[in-house]
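File shown: target_31.txt (compact mmCIF, C-alpha atoms and all ligand atoms).
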# COMPACT_ATOMS: atom_id res chain seq x y z
CA MET A 70 184.57 -191.17 -78.61
CA LYS A 71 187.41 -189.03 -77.24
CA THR A 72 186.65 -185.98 -75.11
CA ALA A 73 188.73 -182.81 -75.33
CA PHE A 74 188.66 -179.66 -73.23
CA ILE A 75 189.60 -176.44 -75.01
CA THR A 76 190.19 -173.20 -73.10
CA GLY A 77 190.33 -170.00 -75.14
CA ILE A 78 187.90 -171.66 -77.55
CA THR A 79 186.40 -168.35 -78.72
CA GLY A 80 189.79 -167.20 -80.03
CA GLN A 81 191.36 -167.83 -83.41
CA ASP A 82 193.16 -171.06 -82.53
CA GLY A 83 190.39 -172.36 -80.27
CA ALA A 84 187.82 -172.10 -83.06
CA TYR A 85 189.99 -173.80 -85.69
CA LEU A 86 191.02 -176.50 -83.23
CA ALA A 87 187.39 -177.13 -82.26
CA GLN A 88 186.54 -177.49 -85.95
CA LEU A 89 189.36 -180.02 -86.43
CA LEU A 90 188.38 -182.07 -83.38
CA ILE A 91 184.71 -182.09 -84.39
CA GLN A 92 185.77 -183.41 -87.80
CA LYS A 93 187.68 -186.11 -85.93
CA LYS A 94 184.51 -187.00 -83.97
CA TYR A 95 185.63 -185.73 -80.57
CA GLN A 96 183.24 -184.53 -77.92
CA VAL A 97 184.46 -180.94 -77.63
CA ILE A 98 183.99 -179.14 -74.32
CA GLY A 99 184.73 -175.42 -74.45
CA LEU A 100 185.68 -173.87 -71.13
CA THR A 101 184.60 -170.24 -71.10
CA ARG A 102 184.93 -167.38 -68.65
CA SER A 103 181.23 -166.57 -68.74
CA TYR A 104 178.52 -168.95 -69.84
CA ASN A 105 176.07 -166.12 -70.55
CA ASN A 106 178.42 -164.15 -72.68
CA ILE A 107 179.96 -166.52 -75.22
CA ASN A 108 181.02 -164.92 -78.48
CA VAL A 109 179.93 -167.46 -81.11
CA THR A 110 181.02 -165.43 -84.16
CA ASN A 111 183.96 -167.69 -84.99
CA PHE A 112 181.90 -170.87 -84.53
CA LYS A 113 179.22 -169.57 -86.87
CA TYR A 114 181.88 -168.64 -89.42
CA LEU A 115 183.32 -172.19 -89.30
CA ASN A 116 179.86 -173.84 -89.29
CA ILE A 117 180.40 -175.51 -85.93
CA ASP A 118 177.97 -173.47 -83.85
CA GLY A 119 175.81 -175.85 -81.81
CA GLN A 120 178.41 -178.66 -81.90
CA ILE A 121 180.35 -177.62 -78.81
CA THR A 122 179.35 -178.14 -75.18
CA PHE A 123 180.21 -175.06 -73.14
CA GLU A 124 181.10 -175.08 -69.48
CA GLU A 125 181.77 -172.01 -67.38
CA CYS A 126 185.19 -172.25 -65.80
CA ASP A 127 187.34 -169.66 -64.10
CA LEU A 128 190.85 -171.00 -64.64
CA LEU A 129 192.01 -168.98 -61.65
CA ASP A 130 189.60 -170.96 -59.48
CA PHE A 131 191.20 -174.32 -58.82
CA SER A 132 187.97 -175.95 -57.63
CA SER A 133 186.02 -175.11 -60.78
CA ILE A 134 188.67 -176.92 -62.88
CA ILE A 135 188.61 -179.94 -60.54
CA LYS A 136 184.82 -180.23 -60.78
CA LEU A 137 184.86 -180.31 -64.57
CA LEU A 138 187.80 -182.71 -64.73
CA LEU A 139 185.93 -185.09 -62.44
CA ARG A 140 182.74 -184.79 -64.46
CA TYR A 141 184.27 -185.40 -67.92
CA ARG A 142 187.71 -187.01 -67.30
CA PRO A 143 188.86 -185.66 -70.70
CA ASP A 144 191.39 -187.52 -72.86
CA GLU A 145 192.96 -184.25 -74.00
CA PHE A 146 193.13 -180.73 -72.55
CA TYR A 147 194.17 -177.91 -74.88
CA ASN A 148 195.01 -174.80 -72.86
CA LEU A 149 194.80 -171.86 -75.25
CA ALA A 150 193.26 -169.21 -72.99
CA ALA A 151 195.56 -166.30 -72.34
CA GLN A 152 195.89 -162.58 -72.45
CA SER A 153 197.58 -163.08 -75.82
CA SER A 154 198.71 -159.63 -76.91
CA VAL A 155 202.33 -158.50 -76.43
CA GLY A 156 201.23 -154.86 -76.76
CA VAL A 157 198.49 -155.17 -74.13
CA SER A 158 200.94 -156.93 -71.80
CA PHE A 159 203.04 -153.76 -71.57
CA GLU A 160 199.88 -151.93 -70.44
CA GLN A 161 198.68 -154.74 -68.13
CA PRO A 162 201.81 -156.61 -66.98
CA ILE A 163 200.43 -157.81 -63.66
CA GLY A 164 197.14 -159.12 -65.04
CA THR A 165 198.91 -160.79 -67.96
CA ILE A 166 201.56 -162.52 -65.87
CA ASN A 167 199.13 -163.53 -63.12
CA TYR A 168 196.52 -164.97 -65.46
CA ASN A 169 198.83 -166.64 -67.99
CA THR A 170 200.82 -168.48 -65.30
CA GLN A 171 198.30 -169.17 -62.50
CA SER A 172 195.81 -170.70 -64.94
CA VAL A 173 198.40 -173.21 -66.19
CA LEU A 174 199.50 -174.09 -62.68
CA ASN A 175 195.88 -174.69 -61.63
CA ILE A 176 195.21 -177.00 -64.59
CA LEU A 177 198.34 -179.09 -64.09
CA GLU A 178 198.01 -179.26 -60.33
CA SER A 179 194.38 -180.41 -60.69
CA ILE A 180 195.37 -183.17 -63.10
CA ARG A 181 198.22 -184.24 -60.80
CA LEU A 182 196.07 -184.34 -57.67
CA LEU A 183 193.28 -186.25 -59.42
CA LYS A 184 195.87 -188.66 -60.90
CA LEU A 185 194.28 -188.35 -64.35
CA ASP A 186 196.09 -189.46 -67.50
CA THR A 187 194.65 -186.50 -69.46
CA LYS A 188 197.15 -185.24 -72.05
CA VAL A 189 197.72 -181.49 -71.81
CA TYR A 190 198.68 -179.12 -74.60
CA GLN A 191 200.06 -175.79 -73.38
CA ALA A 192 200.06 -172.88 -75.85
CA SER A 193 203.62 -171.62 -75.60
CA SER A 194 205.01 -168.88 -77.79
CA SER A 195 208.11 -168.00 -79.81
CA GLU A 196 208.03 -164.68 -77.95
CA MET A 197 209.66 -166.58 -75.05
CA PHE A 198 212.96 -166.66 -76.97
CA GLY A 199 213.15 -162.86 -77.22
CA ARG A 200 216.76 -161.77 -77.63
CA VAL A 201 218.43 -164.60 -79.54
CA ASN A 202 222.07 -164.93 -80.57
CA THR A 203 221.65 -167.67 -83.15
CA LEU A 204 218.97 -168.23 -85.76
CA PRO A 205 216.98 -170.31 -86.48
CA VAL A 206 215.55 -170.94 -83.04
CA ASN A 207 215.10 -174.59 -82.10
CA GLU A 208 213.82 -176.48 -79.04
CA GLN A 209 217.23 -176.10 -77.35
CA THR A 210 217.55 -172.31 -77.75
CA PRO A 211 217.76 -170.50 -74.37
CA LEU A 212 214.88 -168.20 -73.42
CA HIS A 213 215.36 -164.43 -72.98
CA PRO A 214 211.82 -162.99 -72.90
CA LEU A 215 211.44 -159.28 -73.72
CA SER A 216 207.85 -158.50 -72.68
CA PRO A 217 205.46 -159.27 -69.80
CA TYR A 218 203.58 -161.57 -72.21
CA ALA A 219 206.78 -163.44 -73.07
CA ILE A 220 207.68 -163.74 -69.38
CA SER A 221 204.26 -165.19 -68.61
CA LYS A 222 204.57 -167.73 -71.42
CA ALA A 223 208.12 -168.67 -70.41
CA SER A 224 206.97 -169.25 -66.85
CA ALA A 225 204.02 -171.37 -68.01
CA TYR A 226 206.37 -173.32 -70.30
CA TRP A 227 208.64 -174.22 -67.37
CA ILE A 228 205.62 -175.12 -65.23
CA GLY A 229 204.60 -177.58 -67.96
CA ILE A 230 208.09 -179.12 -68.11
CA ASN A 231 208.27 -179.32 -64.34
CA TYR A 232 204.96 -181.21 -64.08
CA ARG A 233 206.10 -183.54 -66.83
CA GLU A 234 209.51 -184.26 -65.28
CA SER A 235 208.52 -184.27 -61.61
CA TYR A 236 205.03 -185.77 -61.65
CA ASN A 237 204.79 -187.57 -65.00
CA VAL A 238 201.91 -185.36 -66.13
CA ASN A 239 201.65 -185.74 -69.92
CA CYS A 240 202.18 -182.09 -70.86
CA VAL A 241 203.32 -180.87 -74.28
CA ASN A 242 204.47 -177.31 -74.98
CA GLY A 243 203.62 -176.24 -78.52
CA ILE A 244 205.97 -173.33 -79.18
CA LEU A 245 204.14 -171.54 -81.93
CA PHE A 246 205.43 -168.67 -84.00
CA ASN A 247 202.98 -166.01 -85.28
CA HIS A 248 200.10 -167.54 -87.19
CA GLU A 249 197.31 -165.69 -88.87
CA SER A 250 193.86 -166.23 -90.33
CA TYR A 251 190.64 -164.40 -91.06
CA LEU A 252 189.65 -165.14 -87.42
CA ARG A 253 192.62 -163.25 -85.95
CA SER A 254 191.60 -160.49 -83.50
CA PRO A 255 191.58 -157.07 -85.20
CA ASN A 256 194.28 -155.63 -82.92
CA PHE A 257 196.98 -157.95 -84.32
CA PHE A 258 199.35 -156.62 -86.98
CA VAL A 259 198.49 -158.63 -90.11
CA LYS A 260 194.73 -158.48 -89.59
CA LYS A 261 194.98 -154.75 -88.89
CA VAL A 262 197.02 -154.13 -92.05
CA ILE A 263 194.63 -156.06 -94.29
CA ARG A 264 191.43 -154.71 -92.76
CA THR A 265 192.62 -151.10 -92.68
CA SER A 266 193.96 -151.33 -96.23
CA LEU A 267 190.58 -152.52 -97.47
CA GLU A 268 188.93 -149.68 -95.56
CA ILE A 269 191.32 -147.21 -97.21
CA LYS A 270 190.49 -148.73 -100.60
CA HIS A 271 186.77 -148.29 -99.91
CA LYS A 272 187.44 -144.75 -98.62
CA ASN A 273 186.23 -145.54 -95.09
CA LYS A 274 189.65 -144.76 -93.61
CA ASP A 275 192.36 -142.39 -94.57
CA SER A 276 195.58 -144.04 -93.44
CA LEU A 277 197.29 -146.98 -91.76
CA HIS A 278 199.13 -146.14 -88.51
CA VAL A 279 201.89 -148.52 -87.46
CA GLY A 280 204.79 -148.74 -85.02
CA ASP A 281 208.19 -150.25 -85.83
CA ILE A 282 207.89 -152.18 -89.11
CA ASP A 283 211.61 -152.72 -89.71
CA ILE A 284 211.52 -155.92 -87.68
CA LYS A 285 211.15 -159.47 -88.95
CA ARG A 286 208.87 -162.28 -87.87
CA ASP A 287 208.17 -165.88 -88.87
CA PHE A 288 204.48 -165.98 -89.91
CA GLY A 289 202.27 -168.95 -90.79
CA TYR A 290 198.67 -170.02 -91.35
CA ALA A 291 196.55 -170.81 -88.25
CA PRO A 292 194.41 -173.71 -89.65
CA ASP A 293 197.65 -175.59 -90.46
CA TYR A 294 199.20 -174.80 -87.08
CA VAL A 295 196.27 -176.22 -85.05
CA LYS A 296 196.84 -179.57 -86.81
CA ALA A 297 200.27 -179.62 -85.15
CA MET A 298 198.60 -179.04 -81.75
CA TRP A 299 196.44 -182.11 -82.25
CA LEU A 300 199.30 -184.22 -83.63
CA SER A 301 201.46 -183.34 -80.62
CA LEU A 302 198.94 -185.01 -78.29
CA GLN A 303 198.64 -188.16 -80.42
CA GLN A 304 202.18 -189.29 -79.52
CA ASP A 305 203.03 -191.86 -76.86
CA LYS A 306 205.45 -189.55 -75.07
CA PRO A 307 205.14 -185.80 -74.41
CA TYR A 308 207.75 -183.50 -75.96
CA ASP A 309 207.94 -179.82 -76.82
CA TYR A 310 207.70 -178.76 -80.46
CA ILE A 311 208.46 -175.60 -82.39
CA ILE A 312 205.75 -174.87 -84.95
CA CYS A 313 206.78 -172.28 -87.53
CA SER A 314 207.28 -171.66 -91.24
CA GLY A 315 211.09 -171.50 -91.02
CA THR A 316 211.58 -168.05 -92.58
CA SER A 317 211.03 -164.48 -91.43
CA ILE A 318 209.85 -161.45 -93.34
CA TYR A 319 209.85 -157.72 -92.55
CA LEU A 320 206.56 -156.25 -91.38
CA ARG A 321 207.25 -153.54 -93.97
CA GLU A 322 207.21 -156.22 -96.72
CA ILE A 323 203.74 -157.28 -95.59
CA ILE A 324 202.43 -153.72 -95.88
CA ASP A 325 204.11 -153.26 -99.27
CA TYR A 326 202.56 -156.50 -100.53
CA VAL A 327 199.04 -155.66 -99.32
CA PHE A 328 199.23 -152.04 -100.55
CA ASP A 329 200.48 -153.17 -103.99
CA TYR A 330 197.82 -155.90 -104.15
CA LEU A 331 195.08 -153.35 -103.47
CA SER A 332 196.74 -150.52 -105.44
CA ILE A 333 197.04 -148.25 -102.41
CA SER A 334 199.51 -145.38 -102.45
CA LYS A 335 202.43 -145.62 -100.01
CA ASP A 336 201.65 -142.14 -98.65
CA LYS A 337 198.70 -143.75 -96.80
CA LEU A 338 201.21 -145.36 -94.44
CA ILE A 339 201.95 -143.40 -91.24
CA GLU A 340 204.86 -144.65 -89.12
CA ASP A 341 204.28 -143.46 -85.58
CA PRO A 342 207.11 -143.71 -83.00
CA ALA A 343 204.44 -143.40 -80.26
CA LEU A 344 203.38 -146.92 -81.25
CA PHE A 345 206.88 -148.40 -80.79
CA ARG A 346 207.19 -150.90 -77.93
CA PRO A 347 209.62 -150.48 -75.02
CA THR A 348 211.58 -153.54 -76.20
CA GLU A 349 211.27 -155.38 -79.47
CA ILE A 350 212.64 -158.56 -81.04
CA VAL A 351 214.51 -157.51 -84.21
CA ASP A 352 214.40 -160.78 -86.15
CA ILE A 353 213.28 -164.28 -85.29
CA TYR A 354 212.53 -167.45 -87.20
CA GLY A 355 212.39 -171.07 -86.20
CA ASP A 356 213.45 -174.55 -87.21
CA ASN A 357 210.44 -176.86 -87.61
CA THR A 358 212.44 -180.05 -88.28
CA LYS A 359 211.41 -181.79 -85.05
CA ALA A 360 207.67 -181.25 -85.67
CA LYS A 361 207.96 -182.30 -89.30
CA THR A 362 209.97 -185.42 -88.44
CA MET A 363 208.32 -186.63 -85.24
CA LEU A 364 204.74 -185.48 -85.87
CA ASN A 365 204.72 -185.82 -89.67
CA TRP A 366 203.42 -182.26 -89.65
CA GLU A 367 203.37 -180.72 -93.11
CA TYR A 368 203.83 -177.04 -93.86
CA ASP A 369 205.21 -175.41 -96.98
CA LYS A 370 203.25 -172.17 -97.49
CA SER A 371 205.09 -168.93 -98.18
CA PHE A 372 203.59 -166.07 -96.19
CA PHE A 373 202.73 -164.27 -99.42
CA ASP A 374 200.46 -167.25 -100.29
CA VAL A 375 198.84 -166.84 -96.86
CA LEU A 376 198.40 -163.10 -97.48
CA ASP A 377 196.56 -163.88 -100.73
CA ILE A 378 194.15 -166.13 -98.80
CA LEU A 379 193.64 -163.53 -96.07
CA ILE A 380 193.06 -160.60 -98.43
CA HIS A 381 190.47 -162.62 -100.39
CA GLU A 382 188.68 -163.81 -97.26
CA GLU A 383 188.68 -160.37 -95.62
CA SER A 384 187.39 -158.64 -98.71
CA ALA A 385 184.70 -161.31 -99.29
CA ASN A 386 183.41 -160.81 -95.73
CA MET A 387 183.81 -157.06 -95.40
CA LYS A 388 180.65 -155.01 -95.18
CA VAL A 389 181.16 -151.77 -97.11
P1 LIG B 401 193.15 -165.11 -79.10
O1 LIG B 401 192.45 -165.13 -80.43
O2 LIG B 401 193.57 -163.81 -78.53
O3 LIG B 401 192.21 -165.87 -78.07
C1 LIG B 401 192.52 -165.90 -76.72
C2 LIG B 401 191.45 -166.69 -76.00
O4 LIG B 401 191.74 -166.66 -74.61
C3 LIG B 401 190.05 -166.16 -76.18
O5 LIG B 401 189.16 -167.25 -76.33
C4 LIG B 401 189.73 -165.44 -74.87
O6 LIG B 401 188.40 -165.65 -74.46
C5 LIG B 401 190.62 -166.16 -73.91
N1 LIG B 401 191.15 -165.22 -72.91
C6 LIG B 401 191.86 -164.13 -73.10
N2 LIG B 401 192.17 -163.53 -71.94
C7 LIG B 401 191.59 -164.28 -71.01
C8 LIG B 401 191.51 -164.16 -69.62
N3 LIG B 401 192.12 -163.19 -68.96
N4 LIG B 401 190.77 -165.08 -68.98
C9 LIG B 401 190.19 -166.09 -69.66
N5 LIG B 401 190.24 -166.25 -70.99
C10 LIG B 401 190.94 -165.35 -71.63
O7 LIG B 401 194.45 -166.03 -79.14
P2 LIG B 401 194.93 -167.06 -80.27
O8 LIG B 401 195.62 -166.29 -81.33
O9 LIG B 401 193.84 -167.98 -80.60
O10 LIG B 401 196.06 -167.84 -79.45
C11 LIG B 401 195.75 -168.98 -78.65
C12 LIG B 401 196.87 -169.21 -77.67
O11 LIG B 401 198.10 -169.40 -78.37
C13 LIG B 401 197.10 -168.06 -76.70
O12 LIG B 401 197.49 -168.60 -75.46
C14 LIG B 401 198.27 -167.31 -77.33
O13 LIG B 401 198.99 -166.60 -76.35
C15 LIG B 401 199.07 -168.46 -77.93
N6 LIG B 401 199.88 -168.11 -79.09
C16 LIG B 401 199.30 -167.51 -80.18
C17 LIG B 401 200.10 -167.22 -81.28
C18 LIG B 401 199.50 -166.58 -82.51
O14 LIG B 401 200.25 -166.14 -83.38
N7 LIG B 401 198.19 -166.55 -82.66
C19 LIG B 401 201.45 -167.54 -81.30
C20 LIG B 401 201.99 -168.18 -80.17
C21 LIG B 401 201.20 -168.47 -79.08
P3 LIG B 401 187.27 -164.52 -74.38
O15 LIG B 401 186.31 -164.84 -75.49
O16 LIG B 401 186.67 -164.74 -73.06
O17 LIG B 401 187.96 -163.20 -74.51

Represent the supplied structure as C-alpha cells.
Amino acid sequence: MKTAFITGITGQDGAYLAQLLIQKKYQVIGLTRSYNNINVTNFKYLNIDGQITFEECDLLDFSSIIKLLLRYRPDEFYNLAAQSSVGVSFEQPIGTINYNTQSVLNILESIRLLKLDTKVYQASSSEMFGRVNTLPVNEQTPLHPLSPYAISKASAYWIGINYRESYNVNCVNGILFNHESYLRSPNFFVKKVIRTSLEIKHKNKDSLHVGDIDIKRDFGYAPDYVKAMWLSLQQDKPYDYIICSGTSIYLREIIDYVFDYLSISKDKLIEDPALFRPTEIVDIYGDNTKAKTMLNWEYDKSFFDVLDILIHEESANMKV
C-alpha cells in the first residue's frame, strides 16, 4: 500500500485528491494546522470522512515535518496548503509570501536532509505568468507575477526546480489554471456568482456585487484536475506540467450564463470599482499539450458544461 501526505487537505483540491487516492487504495495522511479544529465538511460531502489519518503539522516548523516524514516515509507528498486567494494576498502580502514560500522550502529541505525518495507535488499556479506577451501560455513562458499571491507561487515554483536540479529531489510543479467545483470556497468568483444568484432567485439577496468582469480566465473542473496531480507523480522523472482547459472566457460571460439559466434580471448585477484589484491579468489561457501527451491526462469539458454541473449541485445542496 502506498502512503501519501496531503497538506491543505480540507480545501477543494485536497478533498478531491484524498477521495481519488482512497479509491486507489492509498493510506492518506492529512497534515493539518490544528488537530482539534479540522473542518470535515468536504470529507463528509465526498463520503470519505473517517478514511483519512490526520496529523497536526505546522509547515513553518521544520522539525514537525521531519518527525512525520521519519514516522511514515511517504511515497508521495502533495503540497496543496497555501493562502490561496489573490484578493486576500493584496490585503495580507507578508503573511501570504512568508507562508507560501517558507512551507515549501521546509518540506523540500526536510526531504533532502533525510535523503528520502518521496515524490513531491507542488501546487503552482497560472497566476505566476501574470503579464504575458504571447498566448497560450506553455511550460516555457516567462513568469511576470502581478500579485503577492503570484509572487509567492513563483518563488515556491523556483524552489521546487532548484531542489530538483541541485539535489535530485523528485519535485513536480503542477501549474494549474483556475478550477472550480461545488467544494470551492465561497469567496472565489464562480462559487460566489452561482451561490449569490441562487440566493437572489430565492429572494434571500438583492444583488450580486463584482469587481472587474471584463477580464478573461481559463477555467476547468477540479475533480478532473486532481487526476493530473496524481498522474504527474506516477512518472519516472519529475517535470512541470500546465493543467488547463486551453480556452479563456470573460467573467461577464459566466454571470450572463448563470443569470440566464436562473432567469435573473441583469439589473441585479452591480459592478463596483471599489472591488477592482490594484493589478489584474487581462486575459490568460494555457496549452495543455504536454500534460495530455506525457501524462495521458484527458480533459475536454467546455466551461459552460462545468457551470451546468455546478449550478445543479449548488441548488441541490442549498438550504432555502
Ligand atoms: P483552498 O480550497 O483555498 O484550500 C487551501 C488549503 O490550504 C486549506 O486546506 C487550508 O486549510 C490550507 N491553508 C490555507 N492557508 C493556510 C495557512 N496559512 N497555513 C496552513 N494551511 C493553510 O485551495 P484549493 O483551491 O484547494 O487549492 C489548492 C492549492 O492549489 C493551493 O495551494 C492553491 O494556491 C493552488 N491553486 C489553486 C487553483 C484553483 O483554481 N483552485 C489554481 C492554481 C493553484 P485550513 O482548513 O486550515 O484553512

Could you build a table of the residues in chain A lying no more than 8 Å from ligand LIG 401 (chain B), giving for each the nearest pair of atoms and their separation in Å rounded to one decimal place, using all atoms listed in the file, ordered by chain and ascending residue number, as a tab-separated table?
residue	atom	partner	partner_atom	distance
A:Thr76	CA	B:LIG401	O5	6.8
A:Gly77	CA	B:LIG401	O5	3.2
A:Ile78	CA	B:LIG401	O5	4.7
A:Thr79	CA	B:LIG401	O5	3.8
A:Gly80	CA	B:LIG401	O3	3.4
A:Gln81	CA	B:LIG401	O9	3.8
A:Asp82	CA	B:LIG401	O9	3.7
A:Gly83	CA	B:LIG401	O9	5.6
A:Ala84	CA	B:LIG401	O9	7.7
A:Thr101	CA	B:LIG401	O16	6.2
A:Arg102	CA	B:LIG401	O16	5.4
A:Ser103	CA	B:LIG401	O16	7.2
A:Ile107	CA	B:LIG401	O15	6.6
A:Asn108	CA	B:LIG401	O15	6.1
A:Asp127	CA	B:LIG401	C9	7.2
A:Leu128	CA	B:LIG401	C9	7.1
A:Asn148	CA	B:LIG401	O12	7.2
A:Leu149	CA	B:LIG401	C12	4.1
A:Ala150	CA	B:LIG401	O4	3.4
A:Ala151	CA	B:LIG401	O12	4.3
A:Gln152	CA	B:LIG401	N2	3.9
A:Ser153	CA	B:LIG401	O13	3.8
A:Ser154	CA	B:LIG401	O2	6.8
A:Gly164	CA	B:LIG401	N3	7.6
A:Thr165	CA	B:LIG401	N3	7.3
A:Tyr168	CA	B:LIG401	N3	5.9
A:Asn169	CA	B:LIG401	N3	7.6
A:Gln191	CA	B:LIG401	O12	7.9
A:Ala192	CA	B:LIG401	O11	4.7
A:Ser193	CA	B:LIG401	C21	5.3
A:Ser194	CA	B:LIG401	C20	3.9
A:Ser195	CA	B:LIG401	C20	6.1
A:Glu196	CA	B:LIG401	C20	7.3
A:Tyr218	CA	B:LIG401	O13	8.0
A:Lys222	CA	B:LIG401	O13	7.5
A:Ile244	CA	B:LIG401	C20	6.6
A:Leu245	CA	B:LIG401	C20	4.4
A:Phe246	CA	B:LIG401	C19	4.9
A:Asn247	CA	B:LIG401	O14	3.3
A:His248	CA	B:LIG401	O14	4.1
A:Glu249	CA	B:LIG401	O14	6.2
A:Leu252	CA	B:LIG401	O1	7.5
A:Arg253	CA	B:LIG401	O1	5.8
A:Ser254	CA	B:LIG401	O1	5.6
A:Phe288	CA	B:LIG401	O14	7.8
A:Ala291	CA	B:LIG401	N7	7.2

**Prompt:** Which polymer residues have any atom within 7 Å of an atom of Met298 (chain A), counting all atoms listed in the file, with same-chain residues fewer than 4 positions away left out, as a list in words?
**Reply:** Gly243, Tyr294 and Leu302 of chain A

**Message:** Under the rule that all atoms listed in the file are counted, which of A:Asn116, A:Asn365, A:Ser332, A:Ser301 is the nearest residue to Gln92 (chain A)?
**Reply:** A:Asn116

**Coordinates-based distance that separates CA of Tyr308 (chain A) from CA of Lys94 (chain A) (Å, one decimal)** =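 Between CA of Lys94 (chain A) and CA of Tyr308 (chain A) the gap works out to 24.8 Å.
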
Test item: residues at most 6 Å from region 281-286 of chain A, all atoms listed in the file, excluding those fewer than 5 positions along its chain, as a CSV table (one decimal) with C-alpha atoms, keeping the file's coordinate frame:
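Contents of part.csv, as written:
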chain,number,residue,atom,x,y,z
A,317,SER,CA,211.0,-164.5,-91.4
A,318,ILE,CA,209.8,-161.4,-93.3
A,319,TYR,CA,209.8,-157.7,-92.6
A,320,LEU,CA,206.6,-156.2,-91.4
A,321,ARG,CA,207.2,-153.5,-94.0
A,345,PHE,CA,206.9,-148.4,-80.8
A,351,VAL,CA,214.5,-157.5,-84.2
A,352,ASP,CA,214.4,-160.8,-86.2
A,353,ILE,CA,213.3,-164.3,-85.3

**Request:** One decimal, Å: what's the distance from CA of Thr210 (chain A) over to CA of Phe258 (chain A), could you say?
**Result:** 25.7 Å

**Prompt:** For Glu234 (chain A), which residue among A:Ile75, A:Lys272, A:Leu344, A:Pro307 is the nearest when counting only C-alpha atoms?
**Reply:**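 The answer is A:Pro307, which sits nearest to Glu234 (chain A).
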
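Minimum atom-to-atom distance to Ser179 (chain A), evaluated using only C-alpha atoms, belongs to A:Leu139 out of A:Leu139, A:Leu376, A:Ile117, A:Leu86.
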
**Fill in**
The distance between CA of Val155 (chain A) and CA of Cys313 (chain A) is 18.2 Å

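The residue that comes closest to Pro347 (chain A), out of A:Phe112, A:Ser133, A:Met387, A:Glu160 and on the basis of only C-alpha atoms, is A:Glu160.
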
**Message:** Can you tell me which residues surround Glu268 (chain A) at a distance of at most 12 Å, considering all atoms listed in the file, apart from same-chain residues fewer than 4 positions away, and format the answer as a PyMOL selection string?
**Reply:** chain A and resi 261-264+272-277+328+331+333+337+383-384+387-389

For the residues in that selection, give me C-alpha atoms as a PDB file, in the coordinates of the input.
ATOM      1  CA  LYS A 261     194.980-154.750 -88.890  1.00  0.00           C
ATOM      2  CA  VAL A 262     197.020-154.130 -92.050  1.00  0.00           C
ATOM      3  CA  ILE A 263     194.630-156.060 -94.290  1.00  0.00           C
ATOM      4  CA  ARG A 264     191.430-154.710 -92.760  1.00  0.00           C
ATOM      5  CA  LYS A 272     187.440-144.750 -98.620  1.00  0.00           C
ATOM      6  CA  ASN A 273     186.230-145.540 -95.090  1.00  0.00           C
ATOM      7  CA  LYS A 274     189.650-144.760 -93.610  1.00  0.00           C
ATOM      8  CA  ASP A 275     192.360-142.390 -94.570  1.00  0.00           C
ATOM      9  CA  SER A 276     195.580-144.040 -93.440  1.00  0.00           C
ATOM     10  CA  LEU A 277     197.290-146.980 -91.760  1.00  0.00           C
ATOM     11  CA  PHE A 328     199.230-152.040-100.550  1.00  0.00           C
ATOM     12  CA  LEU A 331     195.080-153.350-103.470  1.00  0.00           C
ATOM     13  CA  ILE A 333     197.040-148.250-102.410  1.00  0.00           C
ATOM     14  CA  LYS A 337     198.700-143.750 -96.800  1.00  0.00           C
ATOM     15  CA  GLU A 383     188.680-160.370 -95.620  1.00  0.00           C
ATOM     16  CA  SER A 384     187.390-158.640 -98.710  1.00  0.00           C
ATOM     17  CA  MET A 387     183.810-157.060 -95.400  1.00  0.00           C
ATOM     18  CA  LYS A 388     180.650-155.010 -95.180  1.00  0.00           C
ATOM     19  CA  VAL A 389     181.160-151.770 -97.110  1.00  0.00           C
TER      20      VAL A 389
END

**Which residue of A:Val109, A:Leu137, A:Val279, A:Ile220 approaches Ile121 (chain A) most closely, using all atoms listed in the file** = A:Val109

**Request:** Could you check which of A:Ala360, A:Ile166, A:Ile350, A:Leu90 is closest to Phe198 (chain A), using only C-alpha atoms?
**Result:** A:Ile350

Mind giving me the axis-aligned box for region 155-172 of chain A with 4 Å on every side, centre plus edges in Å to one decimal, as JSON?
{"center_x": 199.4, "center_y": -161.3, "center_z": -69.6, "size_x": 15.2, "size_y": 26.8, "size_z": 22.3}

**Request:** Skip Ser371 (chain A) itself and residues of its chain fewer than 2 positions away, then list as a list in words all residues within 10 Å of it, counting all atoms listed in the file.
**Result:**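 Everything that qualifies: Phe288, Gly289, Tyr290, Ser314, Gly315, Thr316, Tyr368, Asp369, Phe373, Asp374, Val375 and Leu376 of chain A.
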
**Prompt:** Which neighbours of His278 (chain A) fall inside 7 Å, counting only C-alpha atoms, when residues of the same chain fewer than 2 positions from it are skipped, and could you give them as a list of chain:residue names?
**Reply:**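 Contacts, in chain order: A:Ser276, A:Leu338, A:Ile339, A:Glu340, A:Asp341.
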
Output C-alpha atoms for every residue in the selection just made, as an mmCIF file, in the coordinates of the input.
data_model
loop_
_atom_site.group_PDB
_atom_site.id
_atom_site.type_symbol
_atom_site.label_atom_id
_atom_site.label_comp_id
_atom_site.auth_asym_id
_atom_site.auth_seq_id
_atom_site.Cartn_x
_atom_site.Cartn_y
_atom_site.Cartn_z
ATOM 1 C CA SER A 276 195.580 -144.040 -93.440
ATOM 2 C CA LEU A 338 201.210 -145.360 -94.440
ATOM 3 C CA ILE A 339 201.950 -143.400 -91.240
ATOM 4 C CA GLU A 340 204.860 -144.650 -89.120
ATOM 5 C CA ASP A 341 204.280 -143.460 -85.580
#
